[in-house]
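Report on the following structure.
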Amino acid sequence: MTIGQKLKQLREQKGLTQEVVAKHLGVATQTIFKYEKEIVTNIPAANIEKLATLFGVSPSSLLGWDNIPNIIPVTMRSYPLLGDIACGKPIVADRKYDAFAAAGFEDTVSFALRCKGDSMINARIFDGDIVFIREQDMVANGEIAAVVVGEEATLKRVYYYPHEQKMILVSENPAYPPLSYQGAALDEIRILGKAVAFQSEIR
């Protein structure tokens, strides 16, 4: 079931009109129509949370993520929280000690970073989430990694094409275009490590 179909189903189960849902979100009725018809598919995270609250479901259930294996939430054991990493436009890298983050790993995590922005929301990673990183200098194509470009750090899916000397960093939000680097520009790129888990507040 698509998100548009699920929104319509939940709304009708609650006996609500599109007008009532629109009022709850503070948007035009036409916006709800576009969500349900999937004319608009990039629903803001804030509206997802409001819709989930209105319908009495979790945001992950609303987005159809409940049965999708990906990075998994974890608890227990402390790892260094080194600072922030961008989930949007790259931000200045900050590797200084910040605090500790808890996770349920043994030897698979090297450190943690706090996410900023909304470019990875379709991977269930939201602003303020903690992502746990296993330090390594390369990842397989399609894996999510913490990447430093020059002096800026960002969290993206990585695709590397050695024969073309090309790397593409891809967001999990269609509002953000892929970032492409080729040739000499690759000298400015350093992979800090693979994202192996995330920790999120209940939404």
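In the structure tokens, chains take letters A, B, ... by order of appearance, with residues numbered from 1 within each chain and ligands from 1 in the order shown.
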Using only C-alpha atoms, find each residue of region 117-165 of chain A with at least one atom at most 9 Å away from an atom of region 172-191 of chain A; report its shortest atom-to-atom pair and that distance in Å (one decimal), sort the rows by chain and rising residue number, and return the result as a Markdown table.
| residue | atom | partner | partner_atom | distance |
| --- | --- | --- | --- | --- |
| A:Asp118 | CA | A:Asn173 | CA | 7.4 |
| A:Ser119 | CA | A:Asn173 | CA | 4.9 |
| A:Met120 | CA | A:Glu172 | CA | 4.3 |
| A:Ile121 | CA | A:Glu172 | CA | 6.1 |
| A:Asn122 | CA | A:Glu172 | CA | 5.0 |
| A:Ala123 | CA | A:Glu172 | CA | 6.0 |
| A:Arg124 | CA | A:Glu172 | CA | 8.9 |
| A:Ile125 | CA | A:Glu172 | CA | 9.0 |
| A:Glu135 | CA | A:Ile191 | CA | 8.5 |
| A:Gln136 | CA | A:Ile191 | CA | 7.1 |
| A:Asp137 | CA | A:Ile191 | CA | 5.1 |
| A:Met138 | CA | A:Ile191 | CA | 6.1 |
| A:Val139 | CA | A:Ile191 | CA | 8.1 |
| A:Ala145 | CA | A:Ile191 | CA | 6.9 |
| A:Ala146 | CA | A:Ile191 | CA | 6.1 |
| A:Val147 | CA | A:Ile191 | CA | 4.4 |
| A:Val148 | CA | A:Arg190 | CA | 5.1 |
| A:Val149 | CA | A:Ile189 | CA | 4.5 |
| A:Gly150 | CA | A:Glu188 | CA | 4.9 |
| A:Glu151 | CA | A:Glu188 | CA | 8.5 |
| A:Lys156 | CA | A:Glu172 | CA | 7.7 |
| A:Arg157 | CA | A:Glu172 | CA | 7.8 |
| A:Glu164 | CA | A:Gln182 | CA | 7.6 |
| A:Gln165 | CA | A:Gly183 | CA | 5.4 |
Non-local contacts of Val21 (chain A) (9 Å; only C-alpha atoms; under 3 positions in same chain excluded) as a list in words: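 So the residues in contact are Arg11, Leu16, Thr17, Gln18, His24, Leu25, Gly26, Val27, Thr29, Ile32, Leu51 and Leu54 of chain A.
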For the residues in that selection, give me C-alpha atoms as a JSON list (two decimals), in the first residue's frame.
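Writing done, so here's selection-v1.json:
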[["chain", "number", "residue", "atom", "x", "y", "z"],
["A", 11, "ARG", "CA", -8.69, 9.14, 7.26],
["A", 16, "LEU", "CA", -12.58, 12.45, 8.89],
["A", 17, "THR", "CA", -12.90, 14.70, 5.87],
["A", 18, "GLN", "CA", -9.97, 16.10, 3.97],
["A", 24, "HIS", "CA", -5.18, 19.80, 11.82],
["A", 25, "LEU", "CA", -2.03, 20.26, 9.71],
["A", 26, "GLY", "CA", -2.62, 23.95, 9.05],
["A", 27, "VAL", "CA", -2.60, 23.45, 5.28],
["A", 29, "THR", "CA", -7.56, 21.06, 1.75],
["A", 32, "ILE", "CA", -4.40, 16.68, 1.56],
["A", 51, "LEU", "CA", -0.71, 12.92, 10.54],
["A", 54, "LEU", "CA", -4.03, 12.34, 14.29]]
Find the spatial neighbours of Glu36 (chain A), counting only C-alpha atoms, within a cut-off of 12 Å - ignore same-chain residues fewer than 4 positions away - and output them as a PyMOL selection string. chain A and resi 1-12+18+21-22+29-32+40-43
Restricting the calculation to only C-alpha atoms: of A:Glu38, A:Glu19, A:Glu143, A:Glu49, which residue gets closest to Val170 (chain A)?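 Nearest to Val170 (chain A): A:Glu143.
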